Amino acid sequence: MTAEDAHREGRYVVMGFFSIGVGVEMNRRENMTPLFMNMLAAFIQIVDTHYNKLFNAHLTALEQDAFFEVFFELMVAAVTSPTPDEGRNRVRLDAAYEQFPLMAELALAVIDDVAERRHLDITLARGAFFEVLYTGFASIFDMHQVFPKIKVALDINYQIGLESILTDMILGMRAMNIEISEYIDDDTDILISDINNSNIPAENTFIWTSMPTSLEFEQLRRRMNIVKADKFEKMHGIKLRYEAR
């Protein structure tokens with residue numbers, strides 16, 4: 001085994017230890033070297049820069065603390081294996097932009113920035129870090145702060161129980177800033193009802209007289225993602241790299 005191969009294997013052993021919790025204590029922040037903590041601070045600063053460009057806001061102290069827990073393993077991987085390995089992960093941008101388009105946009109901006117700073121191949125860097133970054137972002141950020149509000153009018157005649165269940169299901173969607181009303185107003189985005197309304201576009205109208213199937217509910221979620229992305233682009237005057245379709 002060459003010295004280079006031995007060094008690579010050693011890095012993977014360290015990563016393996018951390019992945020199963022060996023050598024990691026509960027108060028691990030206190031166990032980190034100043035160099036590692038500086039790297040983490042630099043990473044958070046890069047994220048904050050692109051977060052501000054995208055959302056016109058800065059990371060809160062609570063979000064920065066959450067970064068340490070959510071992205072600790074990622075930072076260990078970046079230190080122990082500074083060159084992304086080909087084939088680590090296949091990036092599914094289509095799926096990412098269907099689920100969390102704004103978080104996917106932020107993840108790409110951060111990865112491309114880091115890749116340029118460290119002279120990494122962008123394709124390999126995206127493959128290594130995209131999934132963990134964009135899902136991590138989606139788990140951390142306050143949806144009411146970063147996402148435009150989607151107003152849903154929910155009015156199904158004589159179906160109070162169904163309305164209650166649908167309200168819980170809709171409000172439980174991650175990465176959505178949703179307001180539910182029983183009234184149709186000028187700013188209503190989505191209508192869920194048993195009758196059509198000429199003021200609401202057909203593509204934003206869901207006629208449900210009974211519990212929707214999983215496919216029907218998925219169609220609602222996808223449409224809300226499109227509405228969210230469209231409203232975000234209009235609010236901030238930007239165009240996302242990929243369509244949220």
# chains A, B, ... in the order shown; residues from 1 in each chain; ligands from 1

call {"tool": "residues_around", "arguments": {"residues": "region 54-66 of chain A", "least_positions_apart": "5", "cutoff": "9 Å", "atoms": "only C-alpha atoms", "output": "ChimeraX atom specification"}}
result
/A:44,47-49,71,102,105-106,140-142,145-147,236,238

call {"tool": "write_last_selection", "arguments": {"atoms": "all heavy atoms", "output": "tab-separated table (two decimals), in the first residue's frame"}}
result
chain	number	residue	atom	x	y	z
A	44	ILE	N	-19.93	28.34	8.65
A	44	ILE	CA	-21.16	29.03	9.02
A	44	ILE	C	-21.20	30.42	8.39
A	44	ILE	O	-22.25	30.89	7.94
A	44	ILE	CB	-21.29	29.12	10.56
A	44	ILE	CG1	-21.51	27.71	11.13
A	44	ILE	CG2	-22.43	30.04	10.97
A	44	ILE	CD1	-21.55	27.68	12.65
A	47	VAL	N	-22.23	30.07	4.78
A	47	VAL	CA	-23.67	29.83	4.70
A	47	VAL	C	-24.43	31.12	4.96
A	47	VAL	O	-25.39	31.44	4.25
A	47	VAL	CB	-24.10	28.74	5.70
A	47	VAL	CG1	-25.62	28.58	5.69
A	47	VAL	CG2	-23.44	27.41	5.36
A	48	ASP	N	-24.02	31.86	5.97
A	48	ASP	CA	-24.70	33.11	6.31
A	48	ASP	C	-24.66	34.10	5.15
A	48	ASP	O	-25.64	34.80	4.88
A	48	ASP	CB	-24.07	33.73	7.56
A	48	ASP	CG	-24.77	35.00	7.99
A	48	ASP	OD1	-25.91	34.91	8.48
A	48	ASP	OD2	-24.19	36.09	7.82
A	49	THR	N	-23.53	34.16	4.45
A	49	THR	CA	-23.40	35.07	3.32
A	49	THR	C	-24.42	34.75	2.24
A	49	THR	O	-25.12	35.63	1.73
A	49	THR	CB	-21.98	35.00	2.73
A	49	THR	OG1	-21.05	35.43	3.72
A	49	THR	CG2	-21.86	35.88	1.49
A	71	PHE	N	-24.40	19.51	11.27
A	71	PHE	CA	-23.35	19.37	10.27
A	71	PHE	C	-22.00	18.95	10.85
A	71	PHE	O	-20.98	19.06	10.18
A	71	PHE	CB	-23.19	20.68	9.49
A	71	PHE	CG	-24.40	21.06	8.70
A	71	PHE	CD1	-25.11	22.21	9.00
A	71	PHE	CD2	-24.85	20.25	7.67
A	71	PHE	CE1	-26.23	22.57	8.26
A	71	PHE	CE2	-25.96	20.59	6.93
A	71	PHE	CZ	-26.67	21.74	7.23
A	102	LEU	N	-35.97	26.06	-2.32
A	102	LEU	CA	-35.15	27.16	-1.81
A	102	LEU	C	-33.95	26.64	-1.03
A	102	LEU	O	-32.86	27.21	-1.08
A	102	LEU	CB	-35.99	28.10	-0.94
A	102	LEU	CG	-37.23	28.67	-1.62
A	102	LEU	CD1	-37.95	29.64	-0.70
A	102	LEU	CD2	-36.87	29.34	-2.93
A	105	GLU	N	-31.46	25.49	-3.57
A	105	GLU	CA	-30.76	26.64	-4.15
A	105	GLU	C	-29.64	27.11	-3.23
A	105	GLU	O	-28.53	27.40	-3.67
A	105	GLU	CB	-31.77	27.78	-4.37
A	105	GLU	CG	-31.23	28.95	-5.16
A	105	GLU	CD	-31.19	28.70	-6.66
A	105	GLU	OE1	-31.68	27.65	-7.11
A	105	GLU	OE2	-30.65	29.56	-7.37
A	106	LEU	N	-29.93	27.17	-1.93
A	106	LEU	CA	-28.93	27.60	-0.95
A	106	LEU	C	-27.79	26.59	-0.89
A	106	LEU	O	-26.60	26.98	-0.84
A	106	LEU	CB	-29.57	27.76	0.42
A	106	LEU	CG	-28.63	28.14	1.57
A	106	LEU	CD1	-27.96	29.47	1.31
A	106	LEU	CD2	-29.40	28.19	2.89
A	140	ILE	N	-33.38	22.95	9.74
A	140	ILE	CA	-32.93	23.98	10.67
A	140	ILE	C	-33.74	25.27	10.56
A	140	ILE	O	-34.18	25.83	11.57
A	140	ILE	CB	-31.43	24.28	10.48
A	140	ILE	CG1	-30.58	23.11	10.96
A	140	ILE	CG2	-31.03	25.56	11.21
A	140	ILE	CD1	-29.10	23.30	10.70
A	141	PHE	N	-33.93	25.74	9.35
A	141	PHE	CA	-34.40	27.11	9.17
A	141	PHE	C	-35.89	27.27	9.49
A	141	PHE	O	-36.69	26.36	9.25
A	141	PHE	CB	-34.12	27.60	7.76
A	141	PHE	CG	-32.65	27.70	7.46
A	141	PHE	CD1	-32.13	27.17	6.30
A	141	PHE	CD2	-31.79	28.31	8.35
A	141	PHE	CE1	-30.78	27.26	6.02
A	141	PHE	CE2	-30.43	28.39	8.10
A	141	PHE	CZ	-29.93	27.86	6.92
A	142	ASP	N	-36.23	28.43	10.00
A	142	ASP	CA	-37.61	28.77	10.36
A	142	ASP	C	-38.38	29.04	9.07
A	142	ASP	O	-38.13	30.00	8.36
A	142	ASP	CB	-37.62	30.01	11.25
A	142	ASP	CG	-39.02	30.40	11.68
A	142	ASP	OD1	-39.99	29.75	11.25
A	142	ASP	OD2	-39.16	31.38	12.44
A	145	GLN	N	-39.85	32.44	8.42
A	145	GLN	CA	-38.93	33.55	8.16
A	145	GLN	C	-38.42	33.55	6.73
A	145	GLN	O	-38.28	34.61	6.12
A	145	GLN	CB	-37.72	33.46	9.11
A	145	GLN	CG	-36.68	34.55	8.86
A	145	GLN	CD	-35.51	34.45	9.83
A	145	GLN	OE1	-35.64	33.87	10.90
A	145	GLN	NE2	-34.39	35.02	9.45
A	146	VAL	N	-38.19	32.37	6.17
A	146	VAL	CA	-37.54	32.32	4.86
A	146	VAL	C	-38.49	32.04	3.71
A	146	VAL	O	-38.14	32.31	2.56
A	146	VAL	CB	-36.41	31.26	4.85
A	146	VAL	CG1	-35.37	31.58	5.90
A	146	VAL	CG2	-36.96	29.86	5.07
A	147	PHE	N	-39.68	31.50	3.98
A	147	PHE	CA	-40.57	31.14	2.88
A	147	PHE	C	-41.75	32.10	2.79
A	147	PHE	O	-42.32	32.49	3.80
A	147	PHE	CB	-41.11	29.71	3.07
A	147	PHE	CG	-40.04	28.67	3.13
A	147	PHE	CD1	-40.08	27.67	4.08
A	147	PHE	CD2	-38.98	28.68	2.25
A	147	PHE	CE1	-39.10	26.70	4.14
A	147	PHE	CE2	-37.99	27.73	2.30
A	147	PHE	CZ	-38.05	26.73	3.25
A	236	HIS	N	-38.29	38.54	-4.44
A	236	HIS	CA	-36.87	38.87	-4.34
A	236	HIS	C	-36.25	39.23	-5.68
A	236	HIS	O	-35.06	39.57	-5.73
A	236	HIS	CB	-36.11	37.69	-3.71
A	236	HIS	CG	-36.49	37.42	-2.29
A	236	HIS	ND1	-35.91	38.07	-1.21
A	236	HIS	CD2	-37.42	36.58	-1.76
A	236	HIS	CE1	-36.45	37.63	-0.09
A	236	HIS	NE2	-37.37	36.73	-0.39
A	238	ILE	N	-35.44	37.34	-8.25
A	238	ILE	CA	-34.39	36.43	-8.68
A	238	ILE	C	-35.03	35.26	-9.42
A	238	ILE	O	-36.25	35.10	-9.43
A	238	ILE	CB	-33.57	35.88	-7.51
A	238	ILE	CG1	-34.45	35.01	-6.59
A	238	ILE	CG2	-32.93	37.00	-6.72
A	238	ILE	CD1	-33.67	34.27	-5.54

call {"tool": "select_by_dssp", "arguments": {"residues": "region 19-224 of chain A", "states": "alpha helix (DSSP H)", "output": "PyMOL selection string"}}
result
chain A and resi 19+34-55+61-70+72-80+93-99+101-118+122-140+143-146+160-171+214-224

call {"tool": "closest_residue", "arguments": {"among": "A:Tyr134, A:Phe232, A:Phe67, A:Trp208", "to": "Met103 (chain A)", "atoms": "only C-alpha atoms"}}
result
A:Tyr134

call {"tool": "select_by_dssp", "arguments": {"residues": "region 111-233 of chain A", "states": "strand (DSSP E)", "output": "PyMOL selection string"}}
result
chain A and resi 149-155+177-181+190-193+205-207

call {"tool": "atom_distance", "arguments": {"atom1": "CA of Gln45 (chain A)", "atom2": "CA of Asp121 (chain A)"}}
result
21.6 Å

call {"tool": "residues_around", "arguments": {"residues": "region 193-199 of chain A", "least_positions_apart": "6", "cutoff": "6 Å", "atoms": "only C-alpha atoms", "output": "number ranges by chain"}}
result
A: 155-156, 207-209
